[in-house]
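J.: What follows is input.pdb, made up of PDB, C-alpha atoms:
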```
ATOM      1  CA  MET A 153      93.471  97.965 139.452  1.00  0.00           C
ATOM      2  CA  PRO A 154      96.573 100.232 139.678  1.00  0.00           C
ATOM      3  CA  GLN A 155      96.400 103.415 137.621  1.00  0.00           C
ATOM      4  CA  THR A 156      98.865 105.791 136.008  1.00  0.00           C
ATOM      5  CA  ASN A 157      97.541 109.235 135.048  1.00  0.00           C
ATOM      6  CA  GLY A 158      94.015 107.849 135.316  1.00  0.00           C
ATOM      7  CA  VAL A 159      94.684 105.027 132.862  1.00  0.00           C
ATOM      8  CA  PRO A 160      94.602 101.400 134.108  1.00  0.00           C
ATOM      9  CA  SER A 161      98.062  99.841 133.880  1.00  0.00           C
ATOM     10  CA  SER A 162      96.956  96.285 132.961  1.00  0.00           C
ATOM     11  CA  LEU A 163      94.384  95.014 130.479  1.00  0.00           C
ATOM     12  CA  PRO A 164      91.477  97.341 131.183  1.00  0.00           C
ATOM     13  CA  GLU A 165      87.750  97.134 130.665  1.00  0.00           C
ATOM     14  CA  THR A 166      87.759 100.840 129.819  1.00  0.00           C
ATOM     15  CA  LEU A 167      89.870 103.115 127.658  1.00  0.00           C
ATOM     16  CA  PHE A 168      90.957 106.632 128.543  1.00  0.00           C
ATOM     17  CA  ILE A 169      90.982 109.055 125.594  1.00  0.00           C
ATOM     18  CA  PRO A 170      92.492 112.478 126.266  1.00  0.00           C
ATOM     19  CA  HIS A 171      89.993 115.364 126.145  1.00  0.00           C
ATOM     20  CA  ILE A 172      86.986 113.006 126.432  1.00  0.00           C
ATOM     21  CA  ALA A 173      85.166 113.399 129.755  1.00  0.00           C
ATOM     22  CA  HIS A 174      84.342 109.733 130.347  1.00  0.00           C
ATOM     23  CA  LEU A 175      86.132 106.424 130.016  1.00  0.00           C
ATOM     24  CA  LEU A 176      85.179 104.360 126.985  1.00  0.00           C
ATOM     25  CA  SER A 177      83.941 100.895 127.946  1.00  0.00           C
ATOM     26  CA  LEU A 178      85.670  98.047 126.123  1.00  0.00           C
ATOM     27  CA  ARG A 179      83.158  95.487 127.379  1.00  0.00           C
ATOM     28  CA  LEU A 180      81.080  94.046 124.559  1.00  0.00           C
ATOM     29  CA  PRO A 181      77.308  93.680 125.008  1.00  0.00           C
ATOM     30  CA  ALA A 182      76.099  90.050 125.130  1.00  0.00           C
ATOM     31  CA  GLU A 183      74.509  90.212 121.656  1.00  0.00           C
ATOM     32  CA  ILE A 184      77.785  91.442 120.141  1.00  0.00           C
ATOM     33  CA  VAL A 185      79.714  88.699 121.952  1.00  0.00           C
ATOM     34  CA  ALA A 186      77.327  86.157 120.375  1.00  0.00           C
ATOM     35  CA  LEU A 187      77.898  87.653 116.895  1.00  0.00           C
ATOM     36  CA  ARG A 188      81.647  87.613 117.455  1.00  0.00           C
ATOM     37  CA  GLU A 189      81.562  83.976 118.524  1.00  0.00           C
ATOM     38  CA  GLU A 190      79.517  83.058 115.437  1.00  0.00           C
ATOM     39  CA  ALA A 191      82.008  84.869 113.176  1.00  0.00           C
ATOM     40  CA  LEU A 192      84.883  82.994 114.820  1.00  0.00           C
ATOM     41  CA  ARG A 193      83.060  79.663 114.350  1.00  0.00           C
ATOM     42  CA  PHE A 194      82.476  80.547 110.673  1.00  0.00           C
ATOM     43  CA  HIS A 195      86.189  81.152 110.122  1.00  0.00           C
ATOM     44  CA  GLN A 196      87.134  77.995 112.013  1.00  0.00           C
ATOM     45  CA  ARG A 197      84.782  76.000 109.743  1.00  0.00           C
ATOM     46  CA  ILE A 198      86.090  77.398 106.462  1.00  0.00           C
ATOM     47  CA  GLY A 199      89.761  77.786 107.343  1.00  0.00           C
ATOM     48  CA  SER A 200      91.865  80.543 105.835  1.00  0.00           C
ATOM     49  CA  THR A 201      90.351  80.468 102.337  1.00  0.00           C
ATOM     50  CA  MET A 202      87.081  82.327 101.998  1.00  0.00           C
ATOM     51  CA  PRO A 203      84.585  80.790  99.602  1.00  0.00           C
ATOM     52  CA  PRO A 204      83.530  83.104  96.783  1.00  0.00           C
ATOM     53  CA  ILE A 205      80.341  85.042  96.350  1.00  0.00           C
ATOM     54  CA  PRO A 206      79.268  83.578  92.989  1.00  0.00           C
ATOM     55  CA  GLU A 207      76.601  86.250  92.447  1.00  0.00           C
ATOM     56  CA  LEU A 208      79.270  88.979  92.525  1.00  0.00           C
ATOM     57  CA  ILE A 209      81.484  87.244  89.984  1.00  0.00           C
ATOM     58  CA  LEU A 210      78.526  86.999  87.595  1.00  0.00           C
ATOM     59  CA  SER A 211      77.461  90.571  88.331  1.00  0.00           C
ATOM     60  CA  ASP A 212      80.977  91.937  87.747  1.00  0.00           C
ATOM     61  CA  ALA A 213      81.236  90.116  84.418  1.00  0.00           C
ATOM     62  CA  ALA A 214      77.851  91.463  83.304  1.00  0.00           C
ATOM     63  CA  ALA A 215      78.894  95.015  84.205  1.00  0.00           C
ATOM     64  CA  TRP A 216      82.153  94.566  82.264  1.00  0.00           C
ATOM     65  CA  ALA A 217      80.274  93.154  79.252  1.00  0.00           C
ATOM     66  CA  ASP A 218      78.233  96.393  79.113  1.00  0.00           C
ATOM     67  CA  HIS A 219      81.402  98.535  79.166  1.00  0.00           C
ATOM     68  CA  THR A 220      82.294 100.381  75.972  1.00  0.00           C
ATOM     69  CA  VAL A 221      85.677 101.794  75.007  1.00  0.00           C
ATOM     70  CA  ASP A 222      84.334 105.354  75.191  1.00  0.00           C
ATOM     71  CA  GLU A 223      82.750 104.912  78.660  1.00  0.00           C
ATOM     72  CA  ASP A 224      84.571 106.867  81.353  1.00  0.00           C
ATOM     73  CA  TRP A 225      86.338 104.501  83.744  1.00  0.00           C
ATOM     74  CA  LEU A 226      84.730 106.069  86.828  1.00  0.00           C
ATOM     75  CA  LEU A 227      81.262 105.636  85.327  1.00  0.00           C
ATOM     76  CA  TRP A 228      82.009 101.965  84.711  1.00  0.00           C
ATOM     77  CA  ARG A 229      83.207 101.631  88.303  1.00  0.00           C
ATOM     78  CA  ALA A 230      79.972 103.253  89.507  1.00  0.00           C
ATOM     79  CA  ARG A 231      77.912 100.809  87.419  1.00  0.00           C
ATOM     80  CA  LEU A 232      80.006  97.941  88.770  1.00  0.00           C
ATOM     81  CA  VAL A 233      79.340  98.983  92.381  1.00  0.00           C
ATOM     82  CA  ALA A 234      75.604  99.461  91.705  1.00  0.00           C
ATOM     83  CA  ALA A 235      75.407  96.015  90.083  1.00  0.00           C
ATOM     84  CA  ARG A 236      77.307  94.434  92.989  1.00  0.00           C
ATOM     85  CA  LEU A 237      75.012  96.002  95.575  1.00  0.00           C
ATOM     86  CA  ALA A 238      71.943  94.809  93.669  1.00  0.00           C
ATOM     87  CA  ALA A 239      73.287  91.261  93.251  1.00  0.00           C
ATOM     88  CA  MET A 240      74.940  90.690  96.627  1.00  0.00           C
ATOM     89  CA  PRO A 241      73.201  88.040  98.713  1.00  0.00           C
ATOM     90  CA  VAL A 242      73.083  89.091 102.345  1.00  0.00           C
ATOM     91  CA  GLU A 243      72.842  87.114 105.573  1.00  0.00           C
ATOM     92  CA  ILE A 244      71.267  88.858 108.534  1.00  0.00           C
ATOM     93  CA  ALA A 245      71.984  87.560 112.022  1.00  0.00           C
ATOM     94  CA  ALA A 246      69.894  88.321 115.090  1.00  0.00           C
ATOM     95  CA  GLY A 247      71.441  91.102 117.161  1.00  0.00           C
ATOM     96  CA  GLU A 248      73.361  92.776 114.336  1.00  0.00           C
ATOM     97  CA  ARG A 249      73.721  96.520 114.690  1.00  0.00           C
ATOM     98  CA  ILE A 250      74.889  96.999 111.123  1.00  0.00           C
ATOM     99  CA  VAL A 251      72.549  94.718 109.271  1.00  0.00           C
ATOM    100  CA  GLY A 252      73.834  92.030 107.002  1.00  0.00           C
ATOM    101  CA  ARG A 253      77.022  90.589 105.624  1.00  0.00           C
ATOM    102  CA  PRO A 254      77.752  89.011 102.270  1.00  0.00           C
ATOM    103  CA  ARG A 255      76.795  85.348 102.022  1.00  0.00           C
ATOM    104  CA  PHE A 256      79.895  83.358 101.135  1.00  0.00           C
ATOM    105  CA  ARG A 257      79.287  79.937  99.632  1.00  0.00           C
ATOM    106  CA  ASP A 258      80.837  77.400  97.365  1.00  0.00           C
ATOM    107  CA  PRO A 259      79.140  77.431  93.960  1.00  0.00           C
ATOM    108  CA  ALA A 260      76.894  74.564  92.895  1.00  0.00           C
ATOM    109  CA  GLU A 261      78.150  72.324  90.097  1.00  0.00           C
ATOM    110  CA  ASP A 262      75.610  73.733  87.623  1.00  0.00           C
ATOM    111  CA  GLU A 263      76.934  77.277  88.294  1.00  0.00           C
ATOM    112  CA  ARG A 264      80.544  76.439  87.440  1.00  0.00           C
ATOM    113  CA  PRO A 265      80.374  76.895  83.621  1.00  0.00           C
ATOM    114  CA  ALA A 266      78.865  80.389  83.946  1.00  0.00           C
ATOM    115  CA  LEU A 267      81.398  81.306  86.638  1.00  0.00           C
ATOM    116  CA  ASP A 268      84.295  80.046  84.494  1.00  0.00           C
ATOM    117  CA  ALA A 269      83.060  82.177  81.587  1.00  0.00           C
ATOM    118  CA  ALA A 270      82.634  85.177  83.902  1.00  0.00           C
ATOM    119  CA  ARG A 271      86.173  84.762  85.253  1.00  0.00           C
ATOM    120  CA  ALA A 272      87.546  84.578  81.692  1.00  0.00           C
ATOM    121  CA  SER A 273      85.740  87.823  80.853  1.00  0.00           C
ATOM    122  CA  LEU A 274      86.978  89.517  84.030  1.00  0.00           C
ATOM    123  CA  ALA A 275      90.551  88.526  83.189  1.00  0.00           C
ATOM    124  CA  THR A 276      90.363  91.078  80.354  1.00  0.00           C
ATOM    125  CA  VAL A 277      89.614  93.988  82.735  1.00  0.00           C
ATOM    126  CA  PRO A 278      92.684  96.248  82.846  1.00  0.00           C
ATOM    127  CA  PRO A 279      94.062  97.416  86.203  1.00  0.00           C
ATOM    128  CA  PHE A 280      92.211 100.342  87.743  1.00  0.00           C
ATOM    129  CA  PRO A 281      93.880 103.560  86.553  1.00  0.00           C
ATOM    130  CA  GLY A 282      94.723 106.233  89.070  1.00  0.00           C
ATOM    131  CA  GLY A 283      95.709 104.101  92.028  1.00  0.00           C
ATOM    132  CA  ASP A 284      93.519 103.066  94.921  1.00  0.00           C
ATOM    133  CA  ALA A 285      90.800 100.497  94.356  1.00  0.00           C
ATOM    134  CA  GLY A 286      88.533 101.700  97.157  1.00  0.00           C
ATOM    135  CA  HIS A 287      90.291 101.214 100.490  1.00  0.00           C
ATOM    136  CA  LEU A 288      90.275 103.928 103.130  1.00  0.00           C
ATOM    137  CA  HIS A 289      93.520 105.631 104.055  1.00  0.00           C
ATOM    138  CA  PRO A 290      93.099 107.702 107.234  1.00  0.00           C
ATOM    139  CA  ASP A 291      94.717 111.112 107.273  1.00  0.00           C
ATOM    140  CA  TYR A 292      97.318 110.276 109.917  1.00  0.00           C
ATOM    141  CA  GLU A 293      99.299 113.442 109.151  1.00  0.00           C
ATOM    142  CA  LYS A 294      96.284 115.518 110.178  1.00  0.00           C
ATOM    143  CA  LEU A 295      95.615 113.365 113.239  1.00  0.00           C
ATOM    144  CA  PHE A 296      99.188 113.632 114.465  1.00  0.00           C
ATOM    145  CA  GLY A 297      99.371 117.324 113.594  1.00  0.00           C
ATOM    146  CA  LEU A 298      96.130 118.368 115.317  1.00  0.00           C
ATOM    147  CA  GLY A 299      95.891 115.717 118.014  1.00  0.00           C
ATOM    148  CA  ILE A 300      92.621 114.489 119.446  1.00  0.00           C
ATOM    149  CA  ARG A 301      91.744 117.866 121.005  1.00  0.00           C
ATOM    150  CA  GLY A 302      92.354 119.613 117.663  1.00  0.00           C
ATOM    151  CA  LEU A 303      90.174 117.116 115.796  1.00  0.00           C
ATOM    152  CA  LEU A 304      87.400 117.520 118.373  1.00  0.00           C
ATOM    153  CA  ASP A 305      87.630 121.313 118.058  1.00  0.00           C
ATOM    154  CA  GLU A 306      87.452 121.029 114.266  1.00  0.00           C
ATOM    155  CA  ILE A 307      84.382 118.767 114.493  1.00  0.00           C
ATOM    156  CA  THR A 308      82.695 121.182 116.895  1.00  0.00           C
ATOM    157  CA  ALA A 309      83.373 124.120 114.562  1.00  0.00           C
ATOM    158  CA  TRP A 310      82.111 122.135 111.562  1.00  0.00           C
ATOM    159  CA  LYS A 311      78.920 121.207 113.446  1.00  0.00           C
ATOM    160  CA  ARG A 312      78.321 124.880 114.288  1.00  0.00           C
ATOM    161  CA  THR A 313      78.701 125.792 110.614  1.00  0.00           C
ATOM    162  CA  THR A 314      76.426 123.032 109.347  1.00  0.00           C
ATOM    163  CA  ASP A 315      73.846 123.656 112.082  1.00  0.00           C
ATOM    164  CA  GLY A 316      73.857 127.317 111.064  1.00  0.00           C
ATOM    165  CA  ASP A 317      73.440 126.359 107.399  1.00  0.00           C
ATOM    166  CA  ALA A 318      70.479 124.114 108.293  1.00  0.00           C
ATOM    167  CA  ALA A 319      68.829 126.863 110.362  1.00  0.00           C
ATOM    168  CA  ALA A 320      69.241 129.380 107.542  1.00  0.00           C
ATOM    169  CA  ALA A 321      67.665 127.036 104.971  1.00  0.00           C
TER     170      ALA A 321
END
```
Would you put the structure from the file into structure tokens?
T.:
Amino acid sequence: MPQTNGVPSSLPETLFIPHIAHLLSLRLPAEIVALREEALRFHQRIGSTMPPIPELILSDAAAWADHTVDEDWLLWRARLVAARLAAMPVEIAAGERIVGRPRFRDPAEDERPALDAARASLATVPPFPGGDAGHLHPDYEKLFGLGIRGLLDEITAWKRTTDGDAAAA
């Protein structure tokens, strides 16, 4: 495969990252390929609309029902997350490296009245104050300012500091 500055010029099986001594393999292990194929089959079966996770709708409504007007919003959000983690049904597939994913399913007919009531209750939840609802926003300004070598140097320095703190403890 032709190369330019050590980087393959067509679709590679490896990735060159400046300041990293070895090429990063882009080849997926067989067990990850199998998981990927299963995820693709799942999405082909359900189409573009994900079924709900009924347990989370009920859990969210219960957490909101326990909210009081004098409860700090961040405390309510923490209770909400704790309730969701406790209620979330999880599927575990063979070969997973990060175990489990939420189990999406259409609710049974006998669950619909409780889910309708839960949705009505959740419709009264005001928008989250203060902006972001939990998504990660990478610090691109820092990345572009320091570059990969600068980030690696910062990580190395941080590791030295934390290793020193651990040794002193």
J.: Using all atoms listed in the file, which of A:Met202, A:Ala217, A:Leu227, A:Ala309 sits nearest Thr276 of chain A?
T.: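 Closest to Thr276 of chain A of all the choices is A:Ala217.
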J.: Nearest residue to Pro279 of chain A out of A:Ser177, A:His195, A:Thr220, A:Arg229, using only C-alpha atoms?
T.: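 Smallest separation from Pro279 of chain A among the options: A:Arg229.
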J.: To one decimal in Å, tell me the separation between atom CA of Pro265 of chain A and atom CA of Pro241 of chain A.
T.: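 Taking atom CA of Pro265 of chain A as the start and atom CA of Pro241 of chain A as the end point, the length is 20.1 Å.
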J.: Hey, can you check how far atom CA of Val242 of chain A sits from atom CA of Ala266 of chain A?
T.: 21.2 Å
J.: Taking all atoms listed in the file into account, which of A:Phe168, A:Phe256, A:Trp228, A:Phe296 comes nearest Ile209 of chain A?
T.: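 Nearest to Ile209 of chain A: A:Phe256.
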J.: Ranking A:Leu176, A:Ala191, A:Glu207, A:Thr166 by minimum distance to Asp258 of chain A and counting all atoms listed in the file, which one comes first?
T.: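 Checking each candidate against Asp258 of chain A, we get A:Glu207 as the closest.
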J.: In Å, rounded to a single decimal, give me how far atom CA of Trp310 of chain A is from atom CA of Ala230 of chain A.
T.: 29.1 Å
J.: Can you pull out every residue within 12 Å of Ala234 of chain A, counting only C-alpha atoms, but drop anything in the same chain fewer than 5 positions away, and send it as a ChimeraX atom specification?
T.: /A:208,211-212,214-215,227-229,239-240
J.: Would you mind listing what lies within 10 Å of Ser273 of chain A as a list in words, with all atoms listed in the file counted and same-chain residues fewer than 4 positions away left out?
T.: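 Those residues are Leu210, Asp212, Ala213, Ala214, Trp216, Ala217, Leu267, Asp268, Ala269 and Val277 of chain A.
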J.: Take every atom of segment 189-205 of chain A listed in the file, fit an axis-aligned box around them, add 6 Å per side, and give the centre and edge lengths in Å to one decimal as JSON.
T.:
```
{"center_x": 85.7, "center_y": 80.5, "center_z": 107.4, "size_x": 24.3, "size_y": 21.0, "size_z": 34.2}
```
